[in-house]
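Report on the structure given below.
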Amino acid sequence: MKTANPKAYRNYFRQRTANQWHKIEAEAGIPGAIRPFLAGNWKMNMIPRSGVALTARILDICRDIKDVDIGLAPPFTGLSTLADYIKPDFLRTEYGLGRNVFLLAQDTFFESKGAFTGEISPEMLAAIGVDRVIIGHSDRRANLGKYYGFGSSVARRLTGGFLSSQLKKLKEKDGADAQVIAALEHLSAKGNQDILAGLARFLEEELRERAGESDEAIQLKIRAALAQGLQVILCCGENREARDANETFNLLDRQLRMALEVVSPRAVSEMIIAYEPVWAIGEGAKPATLEQISEVHDFIRNLIMDLYGEQIASSIRILYGGNVKPDNIVDIMNIAGVDGALVGGASLKANDFASIIRFGLNT
Ligand code: PGA
């Protein structure tokens with residue numbers, strides 16, 4: 001696929017430097033003045049009490065910061081306690097902060113209630129004061145198969161005996177798919193046991209590596225969250241394999257088009273997109289280079305322009321995530337198309353996350 005002209009949106013996108021970001025409040029009212037969004041994704045860390053202590057330390061260091069939006073994403077168990085703690089009134093009296101601290105959930109399910117043991121609905125999140133929900137994080141898109149063992153259950157069932165019994169049932173049904181019947185007949189035939197065993201092993205491996213939330217599930221989650229008045233941080237990003245195969249833009253195009261299919265222009269203008277290359281996330285990984293980040297952010301903004309027009313493309317916030325730390329945040333925020341960051345590991349340390357929020361002011 002051809003990349004749209006990456007420079008196209010720049011005419012109407014305000015160029016800034018990291019130091020200028022912190023003057024945005026003075027410029028309020030200027031069209032195109034975009035508030036940076038710095039979000040901490042705690043992943044599966046922090047009991048409620050430690051989350052509040054961490055937040056208190058961060059906000060204390062950032063008392064003077066009013067022109068940056070701060071997002072905190074505790075695990076589900078910490079949301080309620082943190083909601084009580086960061087209520088606007090509390091922030092205003094204790095820290096002099098306005099409504100610039102937002103409570104984020106790390107995920108949501110898409111049904112509103114019912115027999116979905118372990119899942120949490122958008123209604124439940126909205127009811128306790130969650131502002132935004134992260135949807136499509138790569139921990140969920142790509143890694144679930146590894147942890148839940150998707151694949152092994154498929155592999156265990158893919159035996160000649162199992163296929164023959166399924167075949168029998170299918171043949172009794174009206175309107176069964178003829179192609180499926182032919183495939184099952186072929187595979188369950190006596191001479192094909194080796195092929196079947198090989199196929200089972202292949203599927204097991206593939207599903208372990210790849211199974212996770214699908215683009216379809218992500219679309220359903222977005223629709224459900226928006227219907228409850230929750231804003232969304234939509235994550236997208238390529239894995240190492242896609243990058244090495246030069247498939248980055250194709251993959252992002254697919255992820256984003258599918259996700260945004262259900263999002264109206266009005267809803268998208270409040271949405272935040274986070275570009276998170278999977279290979280750049282987590283301990284031991286290296287962040288993407290500034291060129292890579294810039295190129296992808298341009299690509300995403302151009303895609304938004306194609307789908308929703310200039311005005312939305314120039315104002316939608318696009319974050320970068322993947323090993324953002326105090327020592328690289330200024331360079332990252334200096335990239336013209338970057339409007340903030342989604343921070344994992346460094347958001348668990350008060351001093352680190354506070355200096356990420358204060359980017360450009362510390363140096
Ligand atoms: P990291 O995680 O900052 O620890 O690399 C980023 C993320 O997964 O959002």
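Simple scheme: letters A, B, ... for chains in structure tokens order, numbers from 1 for residues in each chain, numbers from 1 for ligands in the order shown.
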**OP:** Pick out the residues no farther than 9 Å from ligand 1, counting only C-alpha atoms and all ligand atoms, and list them as an NGL selection string.
**Re:** :A and (39-43 or 137-139 or 235 or 274 or 276 or 278 or 280-287 or 320-325 or 341-347)
Original post:
Contacts of A:Ala350 at 6 Å or less, counting only C-alpha atoms, minus same-chain residues fewer than 2 places along, as a ChimeraX atom specification?
Top reply: /A:54,57-58,352-354
Output N, CA, C and O atoms of each residue in that selection to a file, as a compact mmCIF listing (two decimals), in the first residue's frame.
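Produced file selection-v4.txt, reproduced below:
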# COMPACT_ATOMS: atom_id res chain seq x y z
N LEU A 54 0.83 6.76 45.18
CA LEU A 54 1.61 7.13 43.99
C LEU A 54 1.03 8.41 43.36
O LEU A 54 1.76 9.35 43.02
N ARG A 57 1.82 11.55 45.25
CA ARG A 57 3.20 12.04 45.06
C ARG A 57 3.35 12.71 43.69
O ARG A 57 3.97 13.76 43.56
N ILE A 58 2.75 12.10 42.68
CA ILE A 58 2.86 12.68 41.32
C ILE A 58 2.22 14.07 41.30
O ILE A 58 2.83 15.04 40.83
N ASP A 352 9.61 9.72 38.12
CA ASP A 352 9.74 9.56 36.67
C ASP A 352 8.50 10.07 35.95
O ASP A 352 8.59 10.82 34.98
N PHE A 353 7.34 9.67 36.43
CA PHE A 353 6.13 10.08 35.71
C PHE A 353 5.93 11.59 35.87
O PHE A 353 5.52 12.26 34.92
N ALA A 354 6.26 12.11 37.04
CA ALA A 354 6.12 13.56 37.23
C ALA A 354 7.06 14.29 36.27
O ALA A 354 6.68 15.30 35.68
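Closest approach to A:Glu206 from the set A:Ser188, A:Asn45, A:Gln179, A:Asn143 is made by A:Asn143, with distances taken over only C-alpha atoms.
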Sorted by chain and rising residue number, which residues of stretch 199-294 of chain A lie within 10 Å of stretch 100-104 of chain A, and what are their closest atom pairs and distances in Å to one decimal, counting only C-alpha atoms, as a tab-separated table?
residue	atom	partner	partner_atom	distance
A:Leu230	CA	A:Leu104	CA	9.6
A:Gln231	CA	A:Leu104	CA	9.2
A:Val232	CA	A:Leu104	CA	9.0
A:Ile233	CA	A:Leu104	CA	8.9
**OP:** Considering only C-alpha atoms, return as a PyMOL selection string whatever protein or nucleic-acid residues lie within 10 Å of stretch 248-254 of chain A, sequence-local ones (same chain, fewer than 6 positions apart) excluded.
**Re:** chain A and resi 1-3+215+236-242+275+277+295-296+299-300+303
Using all heavy atoms, can you write the selected residues to a file as a compact mmCIF listing (two decimals), in the first residue's frame?
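Resulting contents of again-v8.txt:
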# COMPACT_ATOMS: atom_id res chain seq x y z
N MET A 1 0.82 -1.19 0.00
CA MET A 1 0.00 0.00 0.00
C MET A 1 0.87 1.25 0.00
O MET A 1 1.91 1.29 0.63
CB MET A 1 -0.84 -0.02 1.27
CG MET A 1 -2.02 0.88 1.21
SD MET A 1 -2.64 1.11 2.88
CE MET A 1 -1.22 1.89 3.63
N LYS A 2 0.37 2.26 -0.66
CA LYS A 2 1.16 3.50 -0.73
C LYS A 2 0.82 4.39 0.46
O LYS A 2 -0.33 4.53 0.86
CB LYS A 2 0.83 4.24 -2.02
CG LYS A 2 2.06 4.32 -2.92
CD LYS A 2 1.78 5.09 -4.17
CE LYS A 2 2.20 6.52 -3.94
NZ LYS A 2 1.40 7.49 -4.58
N THR A 3 1.86 5.01 1.02
CA THR A 3 1.63 5.94 2.12
C THR A 3 1.12 7.25 1.54
O THR A 3 1.65 7.74 0.55
CB THR A 3 2.97 6.25 2.82
OG1 THR A 3 3.67 5.04 2.96
CG2 THR A 3 2.76 6.94 4.12
N ASP A 215 -9.59 -7.29 15.74
CA ASP A 215 -10.06 -5.97 15.31
C ASP A 215 -11.58 -5.85 15.48
O ASP A 215 -12.09 -4.79 15.81
CB ASP A 215 -9.71 -5.73 13.83
CG ASP A 215 -8.21 -5.55 13.63
OD1 ASP A 215 -7.54 -5.10 14.57
OD2 ASP A 215 -7.72 -5.87 12.53
N CYS A 236 -2.90 1.32 18.70
CA CYS A 236 -2.59 0.58 17.49
C CYS A 236 -1.08 0.43 17.44
O CYS A 236 -0.36 1.14 18.13
CB CYS A 236 -3.10 1.33 16.25
SG CYS A 236 -2.39 2.97 16.07
N GLY A 237 -0.61 -0.48 16.61
CA GLY A 237 0.85 -0.63 16.51
C GLY A 237 1.21 -1.97 15.91
O GLY A 237 0.46 -2.94 16.04
N GLU A 238 2.35 -2.00 15.26
CA GLU A 238 2.78 -3.21 14.58
C GLU A 238 3.73 -4.03 15.45
O GLU A 238 4.41 -3.49 16.31
CB GLU A 238 3.48 -2.84 13.25
CG GLU A 238 4.94 -2.41 13.36
CD GLU A 238 5.13 -1.02 13.95
OE1 GLU A 238 4.14 -0.36 14.30
OE2 GLU A 238 6.29 -0.58 14.08
N ASN A 239 3.75 -5.33 15.22
CA ASN A 239 4.74 -6.15 15.91
C ASN A 239 6.05 -6.18 15.10
O ASN A 239 6.11 -5.63 14.00
CB ASN A 239 4.20 -7.57 16.16
CG ASN A 239 3.73 -8.21 14.87
OD1 ASN A 239 4.07 -7.76 13.77
ND2 ASN A 239 2.94 -9.26 15.00
N ARG A 240 7.04 -6.82 15.66
CA ARG A 240 8.35 -6.85 15.02
C ARG A 240 8.29 -7.48 13.63
O ARG A 240 8.87 -6.99 12.66
CB ARG A 240 9.33 -7.59 15.95
CG ARG A 240 10.63 -8.06 15.39
CD ARG A 240 11.57 -6.96 14.92
NE ARG A 240 11.97 -6.04 15.96
CZ ARG A 240 12.44 -4.79 15.71
NH1 ARG A 240 12.51 -4.34 14.48
NH2 ARG A 240 12.80 -4.01 16.69
N GLU A 241 7.52 -8.53 13.55
CA GLU A 241 7.41 -9.26 12.30
C GLU A 241 6.86 -8.36 11.18
O GLU A 241 7.39 -8.33 10.06
CB GLU A 241 6.41 -10.40 12.53
CG GLU A 241 6.54 -11.57 11.63
CD GLU A 241 5.48 -12.62 12.02
OE1 GLU A 241 4.45 -12.28 12.62
OE2 GLU A 241 5.73 -13.79 11.70
N ALA A 242 5.83 -7.61 11.50
CA ALA A 242 5.22 -6.72 10.50
C ALA A 242 6.20 -5.62 10.11
O ALA A 242 6.32 -5.26 8.94
CB ALA A 242 3.94 -6.11 11.05
N TYR A 275 -0.11 5.42 19.29
CA TYR A 275 0.72 4.54 18.47
C TYR A 275 1.71 3.84 19.38
O TYR A 275 2.56 4.48 20.01
CB TYR A 275 1.46 5.33 17.39
CG TYR A 275 2.54 4.51 16.72
CD1 TYR A 275 2.23 3.26 16.15
CD2 TYR A 275 3.86 4.93 16.66
CE1 TYR A 275 3.21 2.47 15.56
CE2 TYR A 275 4.85 4.16 16.06
CZ TYR A 275 4.52 2.94 15.52
OH TYR A 275 5.49 2.15 14.95
N PRO A 277 4.23 0.75 19.00
CA PRO A 277 4.84 -0.39 18.33
C PRO A 277 5.13 -1.49 19.35
O PRO A 277 5.77 -1.23 20.38
CB PRO A 277 6.14 0.18 17.75
CG PRO A 277 6.36 1.50 18.42
CD PRO A 277 5.06 1.96 18.98
N GLU A 295 7.24 9.38 11.34
CA GLU A 295 6.67 8.84 10.11
C GLU A 295 5.30 8.20 10.35
O GLU A 295 4.35 8.42 9.60
CB GLU A 295 7.67 7.79 9.59
CG GLU A 295 7.32 7.17 8.29
CD GLU A 295 8.34 6.08 7.91
OE1 GLU A 295 8.64 5.20 8.76
OE2 GLU A 295 8.82 6.12 6.77
N VAL A 296 5.20 7.44 11.43
CA VAL A 296 3.94 6.76 11.70
C VAL A 296 2.86 7.76 12.15
O VAL A 296 1.71 7.68 11.73
CB VAL A 296 4.10 5.63 12.73
CG1 VAL A 296 2.74 5.08 13.15
CG2 VAL A 296 4.95 4.51 12.17
N PHE A 299 1.54 9.30 9.19
CA PHE A 299 0.68 8.36 8.47
C PHE A 299 -0.72 8.32 9.11
O PHE A 299 -1.74 8.39 8.42
CB PHE A 299 1.30 6.96 8.48
CG PHE A 299 0.41 5.92 7.89
CD1 PHE A 299 0.35 5.73 6.52
CD2 PHE A 299 -0.42 5.14 8.69
CE1 PHE A 299 -0.50 4.79 5.96
CE2 PHE A 299 -1.27 4.19 8.15
CZ PHE A 299 -1.31 4.01 6.77
N ILE A 300 -0.73 8.24 10.44
CA ILE A 300 -2.03 8.14 11.14
C ILE A 300 -2.83 9.42 10.92
O ILE A 300 -4.02 9.40 10.64
CB ILE A 300 -1.83 7.87 12.65
CG1 ILE A 300 -1.18 6.50 12.85
CG2 ILE A 300 -3.17 7.96 13.40
CD1 ILE A 300 -0.77 6.20 14.29
N LEU A 303 -4.32 9.47 7.59
CA LEU A 303 -5.46 8.55 7.50
C LEU A 303 -6.71 9.21 8.10
O LEU A 303 -7.81 9.12 7.55
CB LEU A 303 -5.12 7.26 8.25
CG LEU A 303 -6.18 6.17 8.21
CD1 LEU A 303 -6.30 5.60 6.81
CD2 LEU A 303 -5.82 5.03 9.17
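Put simply, atom CA of A:Ser80 is 9.6 Å away from atom CA of A:Ala127.
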**OP:** List every residue of stretch 278-314 of chain A that DSSP, applied to the backbone of this structure, places in alpha helix (DSSP H), and write the result as number ranges by chain.
**Re:** A: 290-308, 310-314
**OP:** Would you mind listing what lies within 8 Å of A:Glu213 as a list in words, with only C-alpha atoms counted and same-chain residues fewer than 3 positions away left out?
**Re:** Gly136, Arg140, Arg141, Ala142, Leu144, Ala217 and Ile218 of chain A
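Nearest-residue note for A:Phe76: choosing from A:Ala155, A:Leu307, A:Ala105, A:Ile293, the minimum distance belongs to A:Ala105, counting only C-alpha atoms.
Contact shell of A:Tyr308 at 9 Å (only C-alpha atoms; same-chain neighbours under 4 positions omitted): Ser264, Pro265, Val268, Leu303, Ile304, Ile312 and Ala313 of chain A.
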Could those selected residues go to a file with C-alpha atoms, as a PDB file, in the first residue's frame?
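Writing done, so here's result_29.pdb:
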ATOM      1  CA  SER A 264     -18.733   9.421  14.045  1.00  0.00           C
ATOM      2  CA  PRO A 265     -16.828  12.644  13.301  1.00  0.00           C
ATOM      3  CA  VAL A 268     -13.582  10.931  16.883  1.00  0.00           C
ATOM      4  CA  LEU A 303      -5.456   8.551   7.500  1.00  0.00           C
ATOM      5  CA  ILE A 304      -7.644  10.593   9.853  1.00  0.00           C
ATOM      6  CA  ILE A 312     -10.330  16.763  12.869  1.00  0.00           C
ATOM      7  CA  ALA A 313      -6.954  15.588  11.576  1.00  0.00           C
TER       8      ALA A 313
END
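When atom CA of A:Gly360 is paired with atom CA of A:Ile332, their separation reads 10.8 Å.
Within 10 Å of A:Tyr148, once only C-alpha atoms are used and residues closer than 3 positions along the same chain are dropped, the contacting residues are A:Asn143, A:Leu144, A:Gly145, A:Gly151, A:Ser152, A:Arg208, A:Ala211, A:Gly212.
Residues lying within 9 Å of A:Leu196, counting only C-alpha atoms and ignoring same-chain neighbours fewer than 3 positions away, are Leu158, Thr159, Gly160, Leu187, Ser188, Asn192, Gln193, Leu199, Ala200 and Arg201 of chain A.
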For those residues, write N, CA and C atoms to a file as a PDB file, in the first residue's frame.
ATOM      1  N   LEU A 158      -8.178 -31.549  17.588  1.00  0.00           N
ATOM      2  CA  LEU A 158      -8.014 -31.808  16.159  1.00  0.00           C
ATOM      3  C   LEU A 158      -7.499 -33.223  15.905  1.00  0.00           C
ATOM      4  N   THR A 159      -8.319 -34.215  16.282  1.00  0.00           N
ATOM      5  CA  THR A 159      -7.936 -35.607  16.033  1.00  0.00           C
ATOM      6  C   THR A 159      -8.905 -36.184  15.006  1.00  0.00           C
ATOM      7  N   GLY A 160      -8.510 -37.299  14.394  1.00  0.00           N
ATOM      8  CA  GLY A 160      -9.378 -37.951  13.414  1.00  0.00           C
ATOM      9  C   GLY A 160     -10.745 -38.272  14.009  1.00  0.00           C
ATOM     10  N   LEU A 187      -9.659 -34.517   5.693  1.00  0.00           N
ATOM     11  CA  LEU A 187      -8.701 -34.583   6.807  1.00  0.00           C
ATOM     12  C   LEU A 187      -8.901 -35.800   7.696  1.00  0.00           C
ATOM     13  N   SER A 188     -10.149 -36.199   7.872  1.00  0.00           N
ATOM     14  CA  SER A 188     -10.360 -37.317   8.797  1.00  0.00           C
ATOM     15  C   SER A 188     -10.185 -38.684   8.125  1.00  0.00           C
ATOM     16  N   ASN A 192      -4.666 -39.641   6.356  1.00  0.00           N
ATOM     17  CA  ASN A 192      -4.260 -38.244   6.588  1.00  0.00           C
ATOM     18  C   ASN A 192      -3.946 -37.906   8.036  1.00  0.00           C
ATOM     19  N   GLN A 193      -3.732 -38.928   8.852  1.00  0.00           N
ATOM     20  CA  GLN A 193      -3.499 -38.663  10.277  1.00  0.00           C
ATOM     21  C   GLN A 193      -2.257 -37.800  10.517  1.00  0.00           C
ATOM     22  N   LEU A 199      -1.026 -30.191  11.229  1.00  0.00           N
ATOM     23  CA  LEU A 199      -1.893 -29.011  11.221  1.00  0.00           C
ATOM     24  C   LEU A 199      -2.224 -28.583  12.653  1.00  0.00           C
ATOM     25  N   ALA A 200      -2.480 -29.573  13.504  1.00  0.00           N
ATOM     26  CA  ALA A 200      -2.795 -29.271  14.909  1.00  0.00           C
ATOM     27  C   ALA A 200      -1.624 -28.555  15.566  1.00  0.00           C
ATOM     28  N   ARG A 201      -0.417 -29.046  15.327  1.00  0.00           N
ATOM     29  CA  ARG A 201       0.760 -28.407  15.948  1.00  0.00           C
ATOM     30  C   ARG A 201       0.950 -26.993  15.410  1.00  0.00           C
TER      31      ARG A 201
END
Subject >> Pick from A:Ile272, A:Leu220, A:Ala182, A:Ile356 nearest to A:Ile34, counting only C-alpha atoms >> reply: A:Ile272
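For the pair atom CA of A:Lys221 and atom CA of A:Leu125, the separation is 12.7 Å.
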**OP:** Run DSSP on the backbone of this structure and report the residues of stretch 66-256 of chain A it assigns to strand (DSSP E), as number ranges by chain.
**Re:** A: 69-73, 101-105, 132-135, 231-236
